[in-house]
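Notes for the one structure printed next.
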Amino acid sequence: MRRLLSQGPGRLFYGWWIVIIGCIQDAVKGGTFNTGFTLYFLPVLTELNLSRAATSLPFSLARLEAALEGPVVGYLIDRFDVRVMLVVGTTLAGLGFMLLSFVHSYVLFVLVFMGPLTMGFQAGFNQATMAAVNHWFRRKRGLAMSIVQTGQAIGGVLIFPLVALAVLNLGWRPAAFLSGLVVLLLLPLVLLVRHSPESMGLLPDGDREGSHATGAVGPGLRLGGAVEFSAAEAARMPAFWGLAAFHGLRNIPYSGVSVHLVPLLVWKGLDQPTAAVFVGLTALGTVVTRPLMGWLGDWRSKQRIGGAGMLLGALGLLVLVYSDGSLWHMVLFAMLFACGEGINSVTWALVGDFFGRRNFATIRGWIGMLQSIASVPGAVFTGWIYDQTQSYTYALIPFMISYAAAGLIVWRLPPPRRAGG
């Protein structure tokens with residue numbers, strides 16, 4: 001039946017259904033966890049009587065955990081049915097949110113946040129669906145990945161306001177419990193995901209047998225017209241380390257700014273409800289920029305698109321530093337910062353373009369590990385700077401430099417070449 005649905009005249013290619021499911025997943029994750037957790041920052045800080053650095057610590061430790069788990073999760077995704085990881089991860093994340101609503105000490109908050117909550121989102125969400133999408137698409141990979149990751153921004157627009165209402169009106173504990181219920185509702189959807197088009201008798205991008213876009217399949221050969229590299233081969237190439245450096249430098253500002261986004265806007269003179277509106281506006285900007293940049297990346301240079309996005313993100317932080325909190329300054333910051341985040345999926349699609357389909361999740365896991373290690377201090381550093389100076393200025397300045405350096409690296413990145421090829 002699934003094959004008939006995807007092969008019949010006028011039927012949507014099944015890979016696009018996987019993109020839609022991944023987008024919904026990312027929306028829930030983005031609205032409740034990635035973006036949503038900035039709403040918990042001030043209430044948790046107040047209730048548990050913490051400093052901003054201490055409140056930031058679980059977020060930084062979660063980055064370290066993601067670094068350690070990334071290669072293992074990637075290997076498991078490449079070797080086993082992706083649905084196993086999706087079901088396990090979704091269940092852990094949902095239960096983690098529910099458990100978080102019952103903790104009353106800082107130690108338990110850290111353990112639950114780093115345990116089932118972070119582990120679940122790391123294993124069963126973006127990493128697994130991006131690997132599946134990389135298998136299902138080749139020529140339209142940038143657009144497909146961008147649509148999946150646009151889900152995070154959609155969650156910021158549609159789900160984040162609901163989380164904000166729950167936190168501001170019910171408290172952070174009921175909001176966490178309700179978020180867990182929403183995550184668990186994803187379980188029926190993730191069972192529809194399939195690892196590759198070949199598992200359903202299909203080809204990438206919906207191509208037909210004999211199409212010039214397809215190629216031989218087998219160890220060491222071309223898969224879907226692209227050269228395949230193992231993780232060990234990739235790790236010996238400058239392109240791998242360039243991508244790792246790029247993602248690390250790109251993620252340092254994101255990890256610091258995203259956790260503190262509401263406090264940053266309050267620092268500029270906004271109240272919490274207004275700050276939440278601008279967080280949603282940033283997400284709305286990403287809804288527009290991410291698929292646009294994905295589409296451009298499939299037609300133009302992904303490297304140039306990525307570099308330009310980083311420079312625009314740096315400009316957005318510059319606007320925030322020198323802003324007086326006026327409306328147009330905040331709108332400009334939101335739009336420019338959204339451009340910096342909009343290129344994320346384009347540059348992950350570049351990993352698939354460079355190294356192929358077969359070992360994408362493993363290679364992405366290793367790059368993700370290095371990225372996460374680099375970004376571990378981001379949130380704590382940002383909180384510590386504020387604790388010491390009552391200002392975020394001296395945190396945002398190095399973040400601008402990090403964005404600019406990432407842009408220059410990806411702009412000049414050489415593509416990988418097999419020895420003797």
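So you can find residues: chains in the structure tokens are A, B, ... in the order shown, residues in each start at 1, and ligands are numbered from 1 in order.
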Non-local contacts of Arg290 (chain A) (8 Å; only C-alpha atoms; under 5 positions in same chain excluded) as a list of chain:residue names: A:Ser146, A:Ile147, A:Gln149, A:Thr150, A:Cys339, A:Glu341, A:Gly342, A:Ile343, A:Asn344, A:Ser345
Residue subset to file, keeping C-alpha atoms, as an mmCIF file, in the first residue's frame:
data_model
loop_
_atom_site.group_PDB
_atom_site.id
_atom_site.type_symbol
_atom_site.label_atom_id
_atom_site.label_comp_id
_atom_site.auth_asym_id
_atom_site.auth_seq_id
_atom_site.Cartn_x
_atom_site.Cartn_y
_atom_site.Cartn_z
ATOM 1 C CA SER A 146 15.616 22.691 5.180
ATOM 2 C CA ILE A 147 11.908 21.870 5.322
ATOM 3 C CA GLN A 149 14.540 21.819 10.153
ATOM 4 C CA THR A 150 12.067 24.600 9.445
ATOM 5 C CA CYS A 339 19.319 34.350 8.714
ATOM 6 C CA GLU A 341 20.125 30.054 11.875
ATOM 7 C CA GLY A 342 18.465 29.600 8.474
ATOM 8 C CA ILE A 343 21.596 28.100 6.909
ATOM 9 C CA ASN A 344 21.886 25.222 9.419
ATOM 10 C CA SER A 345 20.192 22.611 7.238
#
Neighbour list for Thr362 (chain A) as a count of residues only, cut-off 7 Å, only C-alpha atoms, skip fewer than 2 positions in-chain: 10
Residues near Met310 (chain A), cut-off 7 Å, only C-alpha atoms, skip fewer than 5 positions along chain, as a PyMOL selection string: chain A and resi 340+403-404+406-407
Spatial neighbours of Ala374 (chain A), 9 Å, only C-alpha atoms, chain gap at least 5 places, as an NGL selection string: :A and (63-64 or 245 or 247-249 or 251-252 or 369)
Any chance you could export the current selection's C-alpha atoms as a CSV table (one decimal), in the first residue's frame?
chain,number,residue,atom,x,y,z
A,63,ARG,CA,25.9,19.8,25.0
A,64,LEU,CA,28.7,17.6,26.4
A,245,ALA,CA,35.2,23.7,12.8
A,247,HIS,CA,29.6,23.8,13.0
A,248,GLY,CA,31.5,24.3,16.2
A,249,LEU,CA,32.0,28.0,15.7
A,251,ASN,CA,27.0,26.7,17.4
A,252,ILE,CA,28.9,28.6,20.1
A,369,MET,CA,30.3,15.6,18.7
Picked from region 150-286 of chain A by DSSP as strand (DSSP E), as a list in words: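 Matching residues, listed in order: Arg222, Leu223, Ala226 and Val227 of chain A.
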Those selected residues, please, written with N, CA and C atoms and delivered as a PDB file, in the first residue's frame.
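See result-v3.pdb below for the written result:
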ATOM      1  N   ARG A 222      29.276   3.955  -6.430  1.00  0.00           N
ATOM      2  CA  ARG A 222      28.433   5.133  -6.354  1.00  0.00           C
ATOM      3  C   ARG A 222      27.030   4.738  -5.938  1.00  0.00           C
ATOM      4  N   LEU A 223      26.467   5.478  -5.006  1.00  0.00           N
ATOM      5  CA  LEU A 223      25.113   5.221  -4.516  1.00  0.00           C
ATOM      6  C   LEU A 223      24.254   6.418  -4.873  1.00  0.00           C
ATOM      7  N   ALA A 226      26.432   9.416  -6.336  1.00  0.00           N
ATOM      8  CA  ALA A 226      27.399  10.145  -5.516  1.00  0.00           C
ATOM      9  C   ALA A 226      28.416   9.177  -4.946  1.00  0.00           C
ATOM     10  N   VAL A 227      29.672   9.641  -4.828  1.00  0.00           N
ATOM     11  CA  VAL A 227      30.712   8.809  -4.244  1.00  0.00           C
ATOM     12  C   VAL A 227      30.445   8.646  -2.754  1.00  0.00           C
TER      13      VAL A 227
END
Option closest in space to Gly151 (chain A), from A:Asn169, A:Ser60, A:Gln25, A:Ser51 [counting only C-alpha atoms]: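 Among the listed residues, A:Gln25 lies closest to Gly151 (chain A).
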Which residue of A:Phe381, A:Tyr14, A:Trp411, A:Phe355 approaches Ser196 (chain A) most closely, using only C-alpha atoms: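 That would be A:Tyr14, the residue with the smallest distance to Ser196 (chain A).
With distances restricted to only C-alpha atoms, A:Ala275 is the closest residue to Val262 (chain A) from A:Met237, A:Leu165, A:Ala232, A:Ala275.
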Nearest-residue call for Thr91 (chain A), choices A:Pro291, A:Gly280, A:Pro377, A:Gly124, using only C-alpha atoms: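 Closest to Thr91 (chain A) of all the choices is A:Gly124.
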Close residues, region 131-138 of chain A itself excluded, 6 Å, only C-alpha atoms, min 4 positions apart in chain, as a PyMOL selection string: chain A and resi 15+195-197+204-205+357+361
